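Source file: my_file.txt; contents: compact mmCIF, C-alpha atoms and all ligand atoms.
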```txt
# COMPACT_ATOMS: atom_id res chain seq x y z
CA MET Y 1 -83.76 180.38 181.60
CA LEU Y 2 -85.09 183.74 180.41
CA ALA Y 3 -84.74 186.67 182.79
CA ALA Y 4 -88.06 187.98 184.09
CA PRO Y 5 -89.26 190.92 181.99
CA GLU Y 6 -88.34 194.21 183.55
CA THR Y 7 -91.43 196.03 184.82
CA LEU Y 8 -91.68 199.73 184.05
CA PRO Y 9 -92.02 202.21 186.92
CA GLY Y 10 -95.60 202.94 187.98
CA ILE Y 11 -97.06 199.97 186.08
CA SER Y 12 -98.40 196.89 187.91
CA PRO Y 13 -96.02 193.96 187.56
CA GLY Y 14 -96.95 191.66 184.70
CA VAL Y 15 -99.10 194.21 182.81
CA TYR Y 16 -96.49 195.98 180.66
CA SER Y 17 -92.78 195.31 180.64
CA ALA Y 18 -89.67 196.57 178.90
CA GLU Y 19 -89.86 193.40 176.79
CA ASP Y 20 -93.37 194.33 175.67
CA PHE Y 21 -92.12 197.77 174.68
CA ALA Y 22 -89.31 196.17 172.67
CA ALA Y 23 -91.82 193.87 170.95
CA VAL Y 24 -94.13 196.79 170.04
CA SER Y 25 -91.15 198.79 168.75
CA ALA Y 26 -90.11 195.92 166.50
CA ILE Y 27 -93.64 195.61 165.10
CA ALA Y 28 -93.97 199.39 164.49
CA HIS Y 29 -90.63 199.39 162.69
CA ALA Y 30 -91.38 196.36 160.52
CA GLU Y 31 -94.89 197.55 159.61
CA ALA Y 32 -94.55 201.29 159.21
CA GLY Y 33 -90.83 202.13 159.43
CA ILE Y 34 -91.56 203.97 162.69
CA VAL Y 35 -88.71 204.03 165.20
CA LEU Y 36 -89.78 204.17 168.86
CA ALA Y 37 -86.71 205.27 170.77
CA GLU Y 38 -86.11 203.94 174.28
CA GLY Y 39 -87.57 206.99 175.99
CA LYS Y 40 -90.97 206.28 174.38
CA ALA Y 41 -91.92 203.33 176.62
CA MET Y 42 -94.51 205.31 178.58
CA LEU Y 43 -95.90 206.96 175.44
CA VAL Y 44 -96.47 203.50 173.95
CA TYR Y 45 -98.18 202.45 177.19
CA SER Y 46 -100.56 205.41 177.18
CA ARG Y 47 -101.38 205.08 173.47
CA LEU Y 48 -101.99 201.33 173.55
CA ALA Y 49 -103.56 200.82 176.99
CA PRO Y 50 -107.11 201.68 175.74
CA LEU Y 51 -106.74 199.19 172.87
CA VAL Y 52 -105.44 196.51 175.23
CA ARG Y 53 -108.47 197.09 177.45
CA ASP Y 54 -110.97 197.13 174.55
CA SER Y 55 -109.53 193.92 173.14
CA GLY Y 56 -110.25 192.11 176.42
CA CYS Y 57 -106.57 191.22 176.86
CA ALA Y 58 -105.41 191.35 180.50
CA THR Y 59 -101.80 192.23 179.69
CA PHE Y 60 -99.76 193.86 176.96
CA GLY Y 61 -98.08 190.49 176.45
CA SER Y 62 -101.34 188.84 175.41
CA TYR Y 63 -102.27 191.89 173.26
CA ILE Y 64 -98.93 191.59 171.46
CA LEU Y 65 -99.71 187.94 170.69
CA ARG Y 66 -103.05 189.15 169.31
CA ILE Y 67 -101.56 191.83 167.03
CA ARG Y 68 -98.99 189.40 165.68
CA GLU Y 69 -101.89 187.25 164.40
CA ASP Y 70 -104.58 189.80 163.60
CA ALA Y 71 -103.69 192.27 160.83
CA ALA Y 72 -106.67 194.57 161.50
CA GLU Y 73 -105.83 194.89 165.21
CA ARG Y 74 -102.16 195.39 164.32
CA ASN Y 75 -103.21 198.21 162.03
CA ARG Y 76 -105.26 199.80 164.83
CA ALA Y 77 -102.22 199.62 167.11
CA ILE Y 78 -99.96 201.23 164.49
CA MET Y 79 -102.49 204.03 163.95
CA ALA Y 80 -102.63 204.66 167.69
CA LEU Y 81 -98.84 204.98 167.73
CA THR Y 82 -98.72 207.70 165.08
CA THR Y 83 -98.27 211.36 166.00
CA ASN Y 84 -100.69 213.43 163.94
CA HIS Y 85 -99.77 216.93 165.11
CA THR Y 86 -100.10 219.46 162.28
CA PHE Y 87 -101.42 222.95 161.61
CA PHE Y 88 -102.37 225.26 158.76
CA TYR Y 89 -99.58 226.93 156.78
CA ARG Y 90 -96.92 225.06 158.79
CA GLU Y 91 -93.47 226.08 157.54
CA ALA Y 92 -94.80 229.09 155.67
CA HIS Y 93 -91.69 229.39 153.47
CA HIS Y 94 -92.74 226.21 151.61
CA PHE Y 95 -96.08 227.75 150.62
CA GLU Y 96 -94.39 231.02 149.68
CA HIS Y 97 -91.88 229.13 147.51
CA PHE Y 98 -94.69 227.07 145.96
CA ALA Y 99 -96.71 230.23 145.21
CA SER Y 100 -93.84 232.07 143.55
CA HIS Y 101 -91.81 229.31 141.84
CA VAL Y 102 -94.13 226.38 141.19
CA ARG Y 103 -97.72 227.63 141.02
CA PRO Y 104 -97.32 229.74 137.83
CA GLY Y 105 -96.20 226.70 135.79
CA LEU Y 106 -98.97 224.51 137.21
CA VAL Y 107 -101.64 227.15 136.56
CA ASP Y 108 -100.41 227.42 132.99
CA THR Y 109 -100.50 223.63 132.53
CA ALA Y 110 -104.04 223.47 133.93
CA ALA Y 111 -105.17 226.36 131.69
CA ARG Y 112 -103.90 224.46 128.63
CA GLY Y 113 -105.93 221.41 129.68
CA GLY Y 114 -102.91 219.54 131.07
CA LYS Y 115 -102.79 217.31 134.09
CA VAL Y 116 -101.56 218.62 137.45
CA ARG Y 117 -100.92 216.16 140.27
CA LEU Y 118 -99.93 216.95 143.85
CA TRP Y 119 -99.37 214.60 146.77
CA SER Y 120 -99.50 215.39 150.46
CA ALA Y 121 -97.83 212.22 151.79
CA GLY Y 122 -98.46 211.92 155.52
CA SER Y 123 -101.17 214.57 155.33
CA SER Y 124 -102.56 213.84 158.80
CA SER Y 125 -105.82 215.73 159.43
CA GLY Y 126 -105.66 217.85 156.27
CA GLU Y 127 -104.24 221.21 157.33
CA GLU Y 128 -101.29 220.77 154.93
CA THR Y 129 -103.56 219.58 152.10
CA TRP Y 130 -105.89 222.56 152.34
CA SER Y 131 -103.09 225.09 152.82
CA LEU Y 132 -101.49 223.82 149.63
CA LEU Y 133 -104.69 223.76 147.59
CA MET Y 134 -105.74 227.24 148.75
CA THR Y 135 -102.29 228.49 147.74
CA LEU Y 136 -102.67 226.83 144.34
CA LEU Y 137 -106.09 228.41 143.74
CA GLY Y 138 -104.71 231.78 144.75
CA PRO Y 139 -106.20 235.14 145.72
CA ASP Y 140 -108.63 235.55 142.81
CA ARG Y 141 -111.86 233.59 143.19
CA ALA Y 142 -112.82 233.41 139.50
CA ALA Y 143 -109.30 232.44 138.41
CA GLY Y 144 -109.11 229.88 141.24
CA GLU Y 145 -112.42 228.31 140.30
CA ARG Y 146 -111.15 227.94 136.71
CA ILE Y 147 -108.09 226.09 138.05
CA ALA Y 148 -110.29 223.84 140.19
CA ARG Y 149 -112.35 222.89 137.11
CA GLY Y 150 -109.19 221.71 135.36
CA ASP Y 151 -107.54 218.28 135.56
CA VAL Y 152 -105.98 219.15 138.91
CA ARG Y 153 -105.90 216.64 141.77
CA LEU Y 154 -104.23 216.37 145.12
CA LEU Y 155 -103.76 212.99 146.78
CA ALA Y 156 -103.88 213.24 150.57
CA SER Y 157 -102.55 210.02 152.09
CA ASP Y 158 -101.74 208.86 155.59
CA ILE Y 159 -101.40 205.58 157.45
CA ALA Y 160 -103.81 206.89 160.11
CA ALA Y 161 -107.40 206.51 158.88
CA HIS Y 162 -108.78 208.57 161.81
CA ALA Y 163 -106.64 211.56 160.74
CA LEU Y 164 -107.74 211.23 157.11
CA ARG Y 165 -111.40 211.18 158.16
CA LYS Y 166 -110.88 214.61 159.75
CA ALA Y 167 -109.09 215.79 156.61
CA GLU Y 168 -111.98 214.70 154.44
CA ALA Y 169 -114.56 216.29 156.76
CA ALA Y 170 -112.69 219.56 156.03
CA ARG Y 171 -114.03 221.40 159.10
CA TYR Y 172 -111.79 223.29 161.50
CA ARG Y 173 -112.02 225.82 164.30
CA ALA Y 174 -112.21 229.28 162.79
CA ASP Y 175 -109.03 230.41 164.56
CA GLU Y 176 -106.99 227.51 163.13
CA ILE Y 177 -107.29 228.61 159.53
CA LYS Y 178 -106.16 232.16 160.40
CA ALA Y 179 -102.54 231.04 159.99
CA VAL Y 180 -103.15 231.07 156.23
CA PRO Y 181 -102.59 234.59 154.87
CA GLU Y 182 -105.59 236.57 153.71
CA PRO Y 183 -107.36 236.68 151.36
CA LEU Y 184 -107.01 232.89 150.93
CA PRO Y 185 -109.11 231.79 153.96
CA ARG Y 186 -111.78 234.40 153.25
CA ILE Y 187 -112.17 233.19 149.68
CA TRP Y 188 -111.62 229.45 150.12
CA SER Y 189 -113.51 228.66 153.33
CA VAL Y 190 -117.12 229.04 154.41
CA PRO Y 191 -118.19 229.93 157.98
CA ALA Y 192 -120.06 227.11 159.75
CA GLY Y 193 -120.94 228.26 163.29
CA ASP Y 194 -117.72 228.43 165.37
CA GLU Y 195 -116.02 226.53 162.63
CA VAL Y 196 -115.12 226.95 159.00
CA GLU Y 197 -115.56 224.50 156.19
CA ILE Y 198 -113.15 224.34 153.28
CA ALA Y 199 -114.94 225.63 150.15
CA PRO Y 200 -116.37 223.10 147.68
CA ALA Y 201 -114.04 224.20 144.84
CA VAL Y 202 -111.00 223.35 146.98
CA ARG Y 203 -112.48 220.09 148.22
CA SER Y 204 -113.33 218.98 144.70
CA MET Y 205 -109.61 218.59 143.92
CA ALA Y 206 -108.67 216.37 146.87
CA ARG Y 207 -108.69 212.57 147.01
CA PHE Y 208 -108.03 210.70 150.26
CA ARG Y 209 -106.34 207.37 150.61
CA THR Y 210 -105.11 205.38 153.58
CA LEU Y 211 -101.58 204.45 152.57
CA ASN Y 212 -98.55 203.10 154.40
CA LEU Y 213 -95.55 204.83 152.83
CA HIS Y 214 -93.54 201.80 153.84
CA GLY Y 215 -95.64 199.47 151.65
CA PRO Y 216 -96.56 199.33 147.95
CA TRP Y 217 -97.92 202.47 146.25
CA PRO Y 218 -100.81 201.67 143.93
CA MET Y 219 -100.76 205.08 142.20
CA GLN Y 220 -100.01 204.87 138.47
CA GLY Y 221 -99.14 208.42 137.44
CA LYS Y 222 -96.35 210.73 138.50
CA PHE Y 223 -96.58 213.86 140.61
CA ASP Y 224 -95.64 217.47 139.88
CA VAL Y 225 -95.28 218.21 143.58
CA ILE Y 226 -94.85 216.05 146.67
CA PHE Y 227 -95.11 217.40 150.20
CA CYS Y 228 -93.79 214.88 152.75
CA ARG Y 229 -93.12 216.92 155.85
CA ASN Y 230 -92.54 215.90 159.44
CA VAL Y 231 -93.18 212.26 158.58
CA MET Y 232 -89.64 210.98 158.02
CA ILE Y 233 -88.54 212.21 161.46
CA TYR Y 234 -90.13 209.00 162.78
CA PHE Y 235 -88.08 206.77 160.45
CA ASP Y 236 -84.50 205.49 160.60
CA ASN Y 237 -81.93 206.43 157.98
CA PRO Y 238 -82.22 203.42 155.64
CA THR Y 239 -86.03 203.81 155.65
CA LYS Y 240 -85.74 207.56 154.90
CA GLU Y 241 -83.28 206.98 152.07
CA ARG Y 242 -85.48 204.31 150.48
CA LEU Y 243 -88.49 206.58 150.79
CA VAL Y 244 -86.91 209.69 149.23
CA ALA Y 245 -85.56 207.55 146.36
CA ARG Y 246 -89.14 206.37 145.75
CA PHE Y 247 -90.38 209.97 145.89
CA ALA Y 248 -87.75 210.97 143.31
CA GLU Y 249 -89.00 208.20 141.01
CA ALA Y 250 -92.61 209.27 141.60
CA LEU Y 251 -91.96 212.86 140.44
CA VAL Y 252 -92.24 214.08 136.87
CA PRO Y 253 -88.98 215.50 135.47
CA GLY Y 254 -88.66 218.94 137.04
CA GLY Y 255 -91.09 217.98 139.83
CA TRP Y 256 -90.71 219.32 143.37
CA LEU Y 257 -90.26 217.62 146.76
CA TYR Y 258 -90.79 219.51 150.02
CA VAL Y 259 -89.64 217.89 153.29
CA GLY Y 260 -89.93 219.04 156.92
CA HIS Y 261 -87.57 221.57 158.50
CA SER Y 262 -85.49 218.93 160.30
CA GLU Y 263 -85.43 216.50 157.38
CA ARG Y 264 -82.90 216.14 154.54
CA VAL Y 265 -82.58 214.15 151.35
CA THR Y 266 -79.59 211.83 151.54
CA GLY Y 267 -78.48 208.67 149.74
CA PRO Y 268 -79.23 207.50 146.17
CA ALA Y 269 -82.07 210.05 145.68
CA LEU Y 270 -79.43 212.77 145.42
CA GLN Y 271 -78.60 211.44 141.94
CA MET Y 272 -82.05 212.62 140.85
CA LEU Y 273 -82.84 215.51 143.18
CA ALA Y 274 -81.08 218.87 143.34
CA THR Y 275 -81.47 221.28 146.26
CA ALA Y 276 -83.75 224.15 145.26
CA GLY Y 277 -84.01 225.92 148.64
CA PRO Y 278 -84.05 225.01 152.34
CA THR Y 279 -85.75 221.57 152.53
CA ILE Y 280 -86.92 221.95 148.92
CA TYR Y 281 -85.70 219.63 146.16
CA ARG Y 282 -86.29 219.45 142.42
CA ARG Y 283 -85.98 216.48 140.13
CA SER Y 284 -82.92 217.50 138.20
CA ASP Y 285 -83.82 216.11 134.75
CA ALA Y 286 -86.09 219.15 134.19
C1 LIG Y 301 -96.60 214.91 162.42
S1 LIG Y 301 -97.71 214.44 161.17
C2 LIG Y 301 -97.23 215.54 159.85
C3 LIG Y 301 -98.42 216.14 159.13
C4 LIG Y 301 -98.07 217.16 158.05
N1 LIG Y 301 -97.35 216.56 156.97
C5 LIG Y 301 -97.30 218.31 158.64
O1 LIG Y 301 -96.14 218.50 158.34
O2 LIG Y 301 -97.88 219.06 159.44
C6 LIG Y 301 -96.99 212.89 160.62
C7 LIG Y 301 -97.98 211.99 159.89
O3 LIG Y 301 -97.25 210.91 159.27
C8 LIG Y 301 -98.06 209.76 159.31
N2 LIG Y 301 -97.23 208.56 159.15
C9 LIG Y 301 -96.31 208.04 160.01
N3 LIG Y 301 -95.78 206.91 159.51
C10 LIG Y 301 -96.38 206.72 158.30
C11 LIG Y 301 -96.26 205.71 157.29
N4 LIG Y 301 -95.43 204.67 157.42
N5 LIG Y 301 -97.02 205.84 156.18
C12 LIG Y 301 -97.87 206.88 156.03
N6 LIG Y 301 -98.03 207.86 156.95
C13 LIG Y 301 -97.30 207.77 158.06
C14 LIG Y 301 -98.74 209.85 160.67
O4 LIG Y 301 -99.91 209.08 160.74
C15 LIG Y 301 -98.98 211.35 160.83
O5 LIG Y 301 -100.30 211.71 160.48
```
Turn the structure described in the file into structure tokens.
Ligand SMILES: C[S@@+](CC[C@H](N)C(=O)[O-])C[C@H]1O[C@@H](n2cnc3c(N)ncnc32)[C@H](O)[C@@H]1O
Amino acid sequence: MLAAPETLPGISPGVYSAEDFAAVSAIAHAEAGIVLAEGKAMLVYSRLAPLVRDSGCATFGSYILRIREDAAERNRAIMALTTNHTFFYREAHHFEHFASHVRPGLVDTAARGGKVRLWSAGSSSGEETWSLLMTLLGPDRAAGERIARGDVRLLASDIAAHALRKAEAARYRADEIKAVPEPLPRIWSVPAGDEVEIAPAVRSMARFRTLNLHGPWPMQGKFDVIFCRNVMIYFDNPTKERLVARFAEALVPGGWLYVGHSERVTGPALQMLATAGPTIYRRSDA
């Protein structure tokens, strides 16, 4: 006979158990590569309880049966489990490195009519996307607008559609954008009441796509630059190694990969990527 599921402290018996937490963890891992460590049982409860209620299910157990069957509801549950915390100009040294080592080559390519492709993978609500594009356009409005008219695109992708909607709306509290060094925010954003809106030239370069990094990638072309920061911290080692190997393949020769401050490239990707600075890698067949 099966042991009765262990009830978690503070939760009515039968509503949410340690077994339910284990079942949700297994689903999050299989679907999105996300690892929910043991200490996250109450976080899972608070994130999923509103969805359980809205679905009309009386217990987590019956909601879990529902998400096993219903892909759309499963997707909603995964989105609710993501952590979307981000801010403008996070890990400033990446933007400084990009401005001094990478931008000049990209600006030159764009000026010659070439293609420039960037990817903010796990872009959340857009602060990384806009910080990167403002840095690419640079401190001179006329020169930046010329770059924006070139064949220059940034793909902003995330598994969480609600975060991407905020990214695409491109509106933030005025104090949030202040983390980006002047004159970039002054040139590349427009005041809108208490808020600012990212300027049209910057927005014209961005494309938004809901994408699970753990699944197939429909993009055809390769990228000059990939930012994937503070996303892999939620994944286990085999998932991280598979992902960075796919990033290495998705870069043009000489392309750049930026990862978060507590992340590292390990495994087979190291055959293609050389360290170019702290948490910065370059495809070595440049
Ligand atoms: C903490 S935010 C990082 C945002 C930004 N890159 C930064 O460094 O500030 C992590 C993002 O990764 C996304 N994410 C988590 N697992 C994912 C997956 N399997 N595929 C795509 N995005 C994922 C989450 O939805 C979340 O928006």
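Candidate residues Y:Tyr281, Y:Tyr234, Y:Phe208, Y:Tyr172 were compared for distance to ligand LIG 301 (chain Y), and the nearest is Y:Tyr234, using only C-alpha atoms and all ligand atoms.
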Residues proximal to (-105.6, 202.7, 158.3) were defined as those with any atom within 10 Å of that point in the file's coordinates, counting only C-alpha atoms. Which are they, as a short mmCIF file (atom, residue, chain, number, x, y, z; two decimals) with C-alpha atoms, keeping the file's coordinate frame?
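Below is the file that was written, part14.cif:
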```cif
data_model
loop_
_atom_site.label_atom_id
_atom_site.label_comp_id
_atom_site.auth_asym_id
_atom_site.auth_seq_id
_atom_site.Cartn_x
_atom_site.Cartn_y
_atom_site.Cartn_z
CA ALA Y 72 -106.67 194.57 161.50
CA ASN Y 75 -103.21 198.21 162.03
CA ARG Y 76 -105.26 199.80 164.83
CA ALA Y 77 -102.22 199.62 167.11
CA ILE Y 78 -99.96 201.23 164.49
CA MET Y 79 -102.49 204.03 163.95
CA ASP Y 158 -101.74 208.86 155.59
CA ILE Y 159 -101.40 205.58 157.45
CA ALA Y 160 -103.81 206.89 160.11
CA ALA Y 161 -107.40 206.51 158.88
CA HIS Y 162 -108.78 208.57 161.81
CA ALA Y 163 -106.64 211.56 160.74
CA LEU Y 164 -107.74 211.23 157.11
CA ARG Y 209 -106.34 207.37 150.61
CA THR Y 210 -105.11 205.38 153.58
CA LEU Y 211 -101.58 204.45 152.57
CA ASN Y 212 -98.55 203.10 154.40
#
```
List as a Markdown table every residue of chain Y that is in contact with ligand LIG 301 (chain Y), defined as an atom at most 6 Å from one of its atoms (using all atoms listed in the file), together with the nearest atom pair and the distance in Å rounded to one decimal, sorted by chain and then rising number.
```
| residue | atom | partner | partner_atom | distance |
| --- | --- | --- | --- | --- |
| Y:Ala32 | CA | Y:LIG301 | N4 | 3.9 |
| Y:Gly33 | CA | Y:LIG301 | N4 | 5.6 |
| Y:Thr82 | CA | Y:LIG301 | O4 | 4.7 |
| Y:Thr83 | CA | Y:LIG301 | C15 | 5.2 |
| Y:Asn84 | CA | Y:LIG301 | O5 | 3.9 |
| Y:His85 | CA | Y:LIG301 | C1 | 4.6 |
| Y:Thr86 | CA | Y:LIG301 | O2 | 3.6 |
| Y:Phe87 | CA | Y:LIG301 | O2 | 5.7 |
| Y:Gly122 | CA | Y:LIG301 | O3 | 4.1 |
| Y:Ser123 | CA | Y:LIG301 | N1 | 4.6 |
| Y:Ser124 | CA | Y:LIG301 | O5 | 3.5 |
| Y:Glu128 | CA | Y:LIG301 | C4 | 5.8 |
| Y:Asp158 | CA | Y:LIG301 | N6 | 4.1 |
| Y:Ile159 | CA | Y:LIG301 | C12 | 4.0 |
| Y:Ala160 | CA | Y:LIG301 | O4 | 4.5 |
| Y:Leu211 | CA | Y:LIG301 | C12 | 5.6 |
| Y:Asn212 | CA | Y:LIG301 | N5 | 3.6 |
| Y:Leu213 | CA | Y:LIG301 | N5 | 3.8 |
| Y:His214 | CA | Y:LIG301 | N4 | 5.0 |
| Y:Cys228 | CA | Y:LIG301 | N1 | 5.8 |
| Y:Arg229 | CA | Y:LIG301 | O1 | 4.2 |
| Y:Asn230 | CA | Y:LIG301 | O1 | 4.6 |
| Y:Val231 | CA | Y:LIG301 | O3 | 4.3 |
```
Quick one: residues within 10 Å of Leu270 (chain Y), all atoms listed in the file, excluding same-chain residues fewer than 6 positions away - as an mmCIF file with C-alpha atoms, keeping the file's coordinate frame?
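Here's the written file part_12.cif:
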```
data_model
loop_
_atom_site.group_PDB
_atom_site.id
_atom_site.type_symbol
_atom_site.label_atom_id
_atom_site.label_comp_id
_atom_site.auth_asym_id
_atom_site.auth_seq_id
_atom_site.Cartn_x
_atom_site.Cartn_y
_atom_site.Cartn_z
ATOM 1 C CA GLU Y 241 -83.280 206.980 152.070
ATOM 2 C CA VAL Y 244 -86.910 209.690 149.230
ATOM 3 C CA ALA Y 245 -85.560 207.550 146.360
ATOM 4 C CA ALA Y 248 -87.750 210.970 143.310
ATOM 5 C CA TYR Y 281 -85.700 219.630 146.160
ATOM 6 C CA ARG Y 283 -85.980 216.480 140.130
ATOM 7 C CA SER Y 284 -82.920 217.500 138.200
#
```
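The shortest atom-to-atom distance to Glu31 (chain Y), with only C-alpha atoms taken into account, belongs to Y:Pro216 out of Y:Pro181, Y:Gly14, Y:Pro216, Y:Gly144.
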- Item | Selection near Asp175 (chain Y), 12 Å with all atoms listed in the file, sequence-local residues under 4 positions removed, as a list in words |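 Once the nearby chain positions are removed, what remains is Phe87, Phe88, Arg171, Ala179, Val180, Pro185, Pro191, Asp194, Glu195 and Val196 of chain Y.
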Go ahead and save the picked residues with C-alpha atoms, as a PDB file, keeping the file's coordinate frame.
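Output saved as part.pdb:
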```
ATOM      1  CA  PHE Y  87    -101.420 222.950 161.610  1.00  0.00           C
ATOM      2  CA  PHE Y  88    -102.370 225.260 158.760  1.00  0.00           C
ATOM      3  CA  ARG Y 171    -114.030 221.400 159.100  1.00  0.00           C
ATOM      4  CA  ALA Y 179    -102.540 231.040 159.990  1.00  0.00           C
ATOM      5  CA  VAL Y 180    -103.150 231.070 156.230  1.00  0.00           C
ATOM      6  CA  PRO Y 185    -109.110 231.790 153.960  1.00  0.00           C
ATOM      7  CA  PRO Y 191    -118.190 229.930 157.980  1.00  0.00           C
ATOM      8  CA  ASP Y 194    -117.720 228.430 165.370  1.00  0.00           C
ATOM      9  CA  GLU Y 195    -116.020 226.530 162.630  1.00  0.00           C
ATOM     10  CA  VAL Y 196    -115.120 226.950 159.000  1.00  0.00           C
TER      11      VAL Y 196
END
```
- Tell me, in Å to one decimal, how far CA of Pro9 (chain Y) is from CA of Leu65 (chain Y).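 Answer for the CA of Pro9 (chain Y) to CA of Leu65 (chain Y) separation: 22.9 Å.
Look at Ser25 (chain Y): the protein and nucleic acid residues within 9 Å of it, using only C-alpha atoms and passing over chain neighbours fewer than 4 places away, are Asp20, Phe21, His29, Ala30, Ile34, Val35, Leu36, Ala37 and Val44 of chain Y.
Distances to Lys222 (chain Y) were evaluated for Y:Arg153, Y:Lys178, Y:Arg173, Y:Lys240 using all atoms listed in the file, and the minimum falls at Y:Arg153.
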- If we count all atoms listed in the file, what is near Arg47 (chain Y) at a cut-off of 9 Å, once residues fewer than 4 positions away on the same chain are taken out, given as a ChimeraX atom specification? /Y:42-43,51,77,80-81
Any chance you can output those residues with C-alpha atoms as an mmCIF file, in the coordinates of the input?
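Saved file selection.cif follows:
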```
data_model
loop_
_atom_site.group_PDB
_atom_site.id
_atom_site.type_symbol
_atom_site.label_atom_id
_atom_site.label_comp_id
_atom_site.auth_asym_id
_atom_site.auth_seq_id
_atom_site.Cartn_x
_atom_site.Cartn_y
_atom_site.Cartn_z
ATOM 1 C CA MET Y 42 -94.510 205.310 178.580
ATOM 2 C CA LEU Y 43 -95.900 206.960 175.440
ATOM 3 C CA LEU Y 51 -106.740 199.190 172.870
ATOM 4 C CA ALA Y 77 -102.220 199.620 167.110
ATOM 5 C CA ALA Y 80 -102.630 204.660 167.690
ATOM 6 C CA LEU Y 81 -98.840 204.980 167.730
#
```
